[in-house]
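Student: Just run.cif, nothing more (mmCIF, C-alpha atoms):
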```
data_query
#
loop_
_atom_site.label_atom_id
_atom_site.label_comp_id
_atom_site.auth_asym_id
_atom_site.auth_seq_id
_atom_site.Cartn_x
_atom_site.Cartn_y
_atom_site.Cartn_z
CA MET A 744 21.36 0.98 13.33
CA LEU A 745 19.04 3.61 11.88
CA GLY A 746 17.45 4.47 15.22
CA LEU A 747 13.99 3.53 13.97
CA GLU A 748 11.07 2.73 16.21
CA THR A 749 8.43 0.09 15.49
CA LYS A 750 6.00 2.72 14.22
CA ASP A 751 8.60 3.77 11.62
CA MET A 752 8.52 0.25 10.19
CA LEU A 753 4.76 0.24 9.56
CA ALA A 754 5.42 1.04 5.92
CA THR A 755 5.71 -0.60 2.54
CA CYS A 756 9.27 -1.30 1.44
CA LEU A 757 9.81 -0.66 -2.29
CA TYR A 758 13.11 -0.50 -4.09
CA ILE A 759 14.85 -0.83 -7.45
CA TYR A 760 18.41 -2.00 -8.02
CA LEU A 761 19.98 -1.66 -11.48
CA THR A 762 23.38 -2.37 -13.00
CA PRO A 763 24.43 -2.42 -16.68
CA GLN A 764 24.11 -6.24 -16.49
CA GLY A 765 20.55 -6.20 -15.10
CA GLY A 766 18.76 -5.74 -11.83
CA PHE A 767 15.41 -6.04 -10.09
CA ALA A 768 12.52 -4.20 -8.52
CA HIS A 769 11.11 -5.44 -5.21
CA ILE A 770 7.97 -4.78 -3.19
CA ALA A 771 7.15 -5.88 0.35
CA GLY A 772 3.77 -4.51 1.39
CA ASP A 773 1.31 -2.84 -0.97
CA GLY A 774 1.81 -0.36 -3.77
CA ALA A 775 2.83 -0.58 -7.41
CA ILE A 776 5.70 -0.94 -9.86
CA ALA A 777 5.72 0.55 -13.36
CA PHE A 778 8.00 0.20 -16.36
CA LEU A 779 7.82 2.90 -19.07
CA ASN A 780 9.50 1.89 -22.32
CA LYS A 781 11.08 4.14 -24.94
CA LYS A 782 7.88 3.98 -27.08
CA GLY A 783 5.85 5.43 -24.21
CA ASP A 784 4.07 2.19 -23.27
CA ILE A 785 3.69 1.45 -19.56
CA HIS A 786 3.55 -1.96 -17.89
CA MET A 787 2.19 -1.55 -14.36
CA SER A 788 1.57 -3.96 -11.52
CA CYS A 789 -0.40 -3.02 -8.43
CA PHE A 790 -0.41 -5.05 -5.20
CA GLU A 791 -3.23 -5.24 -2.68
CA TRP A 792 -3.55 -7.31 0.49
CA ASN A 793 -6.80 -8.88 1.67
CA LYS A 794 -8.60 -6.91 4.41
CA ASN A 795 -6.31 -3.96 3.60
CA LEU A 796 -3.76 -5.53 5.97
CA PRO A 797 -0.43 -5.38 4.12
CA PHE A 798 2.83 -6.82 5.34
CA TYR A 799 5.19 -4.29 6.91
CA PRO A 800 8.71 -4.82 8.32
CA ALA A 801 7.42 -4.05 11.84
CA TYR A 802 5.74 -7.46 11.90
CA THR A 803 9.09 -9.22 12.27
CA GLU A 804 9.07 -8.42 16.01
CA ASP A 805 7.04 -11.54 16.84
CA TYR A 806 8.31 -13.55 13.84
CA TYR A 807 5.17 -12.72 11.83
CA VAL A 808 2.82 -14.63 14.19
CA SER A 809 0.39 -11.73 14.75
CA PHE A 810 0.43 -10.80 11.06
CA ILE A 811 -0.29 -14.36 9.93
CA ASP A 812 -3.04 -14.66 12.57
CA SER A 813 -4.67 -11.46 11.29
CA HIS A 814 -5.02 -13.22 7.92
CA GLY A 815 -6.54 -16.40 9.37
CA GLY A 816 -3.47 -18.21 10.70
CA ASP A 817 -2.43 -20.19 7.59
CA PRO A 818 0.80 -18.86 6.02
CA SER A 819 0.03 -20.74 2.80
CA ALA A 820 -3.34 -18.97 2.35
CA LEU A 821 -3.75 -16.58 -0.57
CA ALA A 822 -3.79 -13.00 0.75
CA LEU A 823 -1.97 -10.81 -1.79
CA THR A 824 -3.25 -9.90 -5.26
CA ARG A 825 -1.24 -8.47 -8.14
CA GLU A 826 -3.06 -6.74 -11.01
CA ASP A 827 -1.08 -6.24 -14.22
CA TRP A 828 -2.09 -3.62 -16.78
CA GLN A 829 -0.61 -2.15 -19.94
CA PHE A 830 -1.01 1.37 -21.24
CA SER A 831 -0.46 1.72 -24.99
CA SER A 832 0.81 5.13 -26.07
CA GLU A 833 -0.12 4.34 -29.66
CA LYS A 834 -3.73 3.37 -28.90
CA GLY A 835 -4.07 5.63 -25.86
CA GLY A 836 -5.86 2.96 -23.85
CA TYR A 837 -5.40 0.46 -21.05
CA LYS A 838 -5.44 -3.32 -21.38
CA ALA A 839 -5.89 -5.70 -18.47
CA GLY A 840 -3.23 -8.32 -18.03
CA ASP A 841 -2.82 -11.07 -15.51
CA LYS A 842 -4.27 -11.19 -12.04
CA ILE A 843 -1.90 -13.17 -9.84
CA PHE A 844 -2.50 -14.37 -6.29
CA TYR A 845 0.26 -14.86 -3.71
CA THR A 846 0.35 -16.59 -0.36
CA ILE A 847 1.04 -14.84 2.93
CA GLU A 848 4.51 -16.45 2.87
CA ASP A 849 5.18 -15.01 -0.61
CA GLY A 850 4.09 -11.58 0.55
CA ILE A 851 6.32 -11.69 3.61
CA ARG A 852 9.32 -12.51 1.40
CA GLY A 853 8.25 -9.77 -1.01
CA ILE A 854 7.72 -9.88 -4.74
CA THR A 855 10.74 -9.42 -7.00
CA PHE A 856 10.73 -8.43 -10.67
CA PRO A 857 14.00 -9.46 -12.36
CA ILE A 858 15.14 -7.04 -15.08
CA ASN A 859 17.72 -8.20 -17.60
CA ALA A 860 20.16 -5.90 -19.44
CA GLU A 861 18.16 -6.04 -22.69
CA ALA A 862 14.99 -4.95 -20.91
CA ILE A 863 16.86 -2.08 -19.22
CA ASN A 864 18.04 -0.84 -22.62
CA ASN A 865 14.41 -0.68 -23.82
CA LEU A 866 13.19 1.31 -20.81
CA SER A 867 13.01 5.03 -20.14
CA TYR A 868 11.85 4.82 -16.51
CA ILE A 869 11.25 2.33 -13.71
CA ALA A 870 9.15 3.54 -10.79
CA VAL A 871 7.79 2.25 -7.49
CA PHE A 872 4.72 3.75 -5.79
CA THR A 873 3.16 3.55 -2.33
CA ASP A 874 -0.43 2.32 -1.98
CA GLY A 875 -1.57 5.95 -1.94
CA ILE A 876 -1.92 5.72 -5.74
CA ARG A 877 -5.00 3.57 -5.12
CA GLN A 878 -6.45 6.20 -2.84
CA VAL A 879 -6.69 9.36 -4.89
CA ASP A 880 -10.35 10.31 -4.61
CA GLY A 881 -12.17 9.76 -7.89
CA ILE A 882 -9.07 8.82 -9.93
CA ASP A 883 -8.17 5.28 -11.01
CA TRP A 884 -4.70 4.09 -9.93
CA LYS A 885 -3.67 3.36 -13.53
CA PHE A 886 -4.32 6.97 -14.52
CA VAL A 887 -2.40 8.17 -11.44
CA ILE A 888 0.66 6.17 -12.53
CA LYS A 889 0.38 7.44 -16.10
CA GLU A 890 0.17 11.03 -14.87
CA LEU A 891 3.09 10.64 -12.46
CA LEU A 892 5.25 9.31 -15.30
CA SER A 893 4.29 12.14 -17.71
CA PHE A 894 7.34 14.29 -17.16
CA LYS A 895 7.32 17.70 -18.83
CA SER A 896 10.99 18.39 -18.07
CA LEU A 897 13.82 16.05 -17.17
CA ALA A 898 15.92 18.58 -15.27
CA GLY A 899 16.36 18.51 -11.51
CA GLU A 900 13.85 16.85 -9.17
CA LEU A 901 11.51 15.63 -11.90
CA ALA A 902 9.49 13.23 -9.70
CA LYS A 903 9.01 15.79 -6.94
CA ARG A 904 7.80 18.43 -9.42
CA ARG A 905 5.49 15.94 -11.13
CA MET A 906 3.95 14.86 -7.80
CA ILE A 907 3.35 18.45 -6.71
CA ARG A 908 1.71 19.30 -10.05
CA PHE A 909 -0.42 16.13 -9.97
CA ILE A 910 -1.71 16.88 -6.45
CA GLN A 911 -2.46 20.50 -7.36
CA ASN A 912 -4.33 19.48 -10.52
CA SER A 913 -6.33 16.74 -8.80
CA ARG A 914 -7.36 19.07 -5.94
CA GLU A 915 -8.49 21.74 -8.43
CA ASN A 916 -10.86 19.11 -9.85
CA GLY A 917 -12.25 18.29 -6.41
CA ASN A 918 -10.11 15.18 -5.99
CA GLY A 919 -6.90 14.49 -4.19
CA PRO A 920 -5.01 11.90 -2.18
CA ILE A 921 -6.83 10.56 0.87
CA ASP A 922 -3.76 8.66 2.07
CA ASP A 923 -0.02 9.11 1.87
CA ILE A 924 1.30 8.97 -1.68
CA ALA A 925 4.93 8.75 -2.71
CA TYR A 926 7.06 7.33 -5.47
CA SER A 927 10.60 6.92 -6.63
CA VAL A 928 11.84 6.86 -10.22
CA ILE A 929 14.98 5.80 -12.02
CA ARG A 930 15.43 7.40 -15.44
CA ILE A 931 17.46 5.41 -17.94
CA SER A 932 19.36 7.31 -20.61
CA ASN A 933 21.23 5.42 -23.35
CA GLY A 934 21.21 2.29 -21.21
CA GLU A 935 22.85 4.11 -18.30
CA GLU A 936 21.17 4.68 -14.94
CA GLU A 937 20.63 8.34 -13.95
#
```
Please lay out the structure from this file as structure tokens.

Tutor:
Amino acid sequence: MLGLETKDMLATCLYIYLTPQGGFAHIAGDGAIAFLNKKGDIHMSCFEWNKNLPFYPAYTEDYYVSFIDSHGGDPSALALTREDWQFSSEKGGYKAGDKIFYTIEDGIRGITFPINAEAINNLSYIAVFTDGIRQVDGIDWKFVIKELLSFKSLAGELAKRRMIRFIQNSRENGNGPIDDIAYSVIRISNGEEE
């Protein structure tokens, strides 16, 4: 329906769906999800596939056979890792959380984060990031997320401006993305989606 070719589907699929009653964030592929609460604390989860071979929607063409074979042929094998971290605005530091392992089957279905209405009311932002956040030369992915959620102004295209500024600053310091990097953000104001 969209007129896409197979090469267009060699991409991570990340999305967030919110209503006043709750919602969810979902990731199929590799990348990250972050939740910034009203106190300025960030919960972040980053996903990485073994062998740097993430699941992409293009692999549905042969009913996942080639993709599963590239990971050893057993759909119940562990192949996807999720790293959870917390950033404390009060302490100014990062704390490691859980490390969770998923099977190939889990990764094909995608990982969903349910978000209830109470949690939404305590959040300022929810964001999803491509795997490019792990590939900014010389900069840890957790710092990249923190920087991309440090909005100076809330007017207009805040995520676009923040990304441009981040790339400019990192290049000035001799660093910069070595892969595609993108993200999407939902800002929550008084419990309402914006």

Student: Show which residues sit within 12 Å of range 889-891 of chain A, as an MDAnalysis selection string. Count only C-alpha atoms, and ignore same-chain residues fewer than 2 positions away.

Tutor: chainID A and resid 776:779 783:787 828:832 835:837 868:872 876 882:887 893:895 901:910 912:913 924:928

Student: Just to confirm, what's the straight-line distance from CA of Ile770 in chain A to CA of Tyr802 in chain A in Å (one decimal)?

Tutor: 15.5 Å

Student: Looking at only C-alpha atoms, which of A:Leu747, A:Ala822, A:Ala860, A:Leu761 is the one that sits closest to Lys794 in chain A?

Tutor: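 The shortest atom-to-atom distance to Lys794 in chain A comes from A:Ala822.
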
Student: Taking 4 positions as the minimum chain separation for residues in the same chain, which residues sit within 8 Å of Gly765 in chain A when counting all atoms listed in the file? Answer as a PyMOL selection string.

Tutor: chain A and resi 761+857-861+863

Student: Tell me, in Å to one decimal, how far CA of Asp812 in chain A is from CA of Leu796 in chain A.

Tutor: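 We find that CA of Asp812 in chain A and CA of Leu796 in chain A lie 11.3 Å from each other.
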
Student: Find the residues around Ala754 in chain A up to 10 Å (only C-alpha atoms counted), leave out those fewer than 3 positions away in its own chain, and share them as an NGL selection string.

Tutor: :A and (750-751 or 757 or 771-773 or 797-801 or 873-874)

Student: Of the residues A:Asn795, A:Leu821, A:Ile759, A:Val879, which is the one nearest to Asp849 in chain A, using only C-alpha atoms?

Tutor: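 Closest candidate: A:Leu821.
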
Student: Between CA of Ser788 in chain A and CA of Phe844 in chain A, what is the spacing in Å?

Tutor: 12.3 Å

Student: Closest to Ile929 in chain A among A:Gln764, A:Tyr758, A:Ile847, A:Phe856, using all atoms listed in the file?

Tutor: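 Result for the nearest residue to Ile929 in chain A: A:Tyr758.
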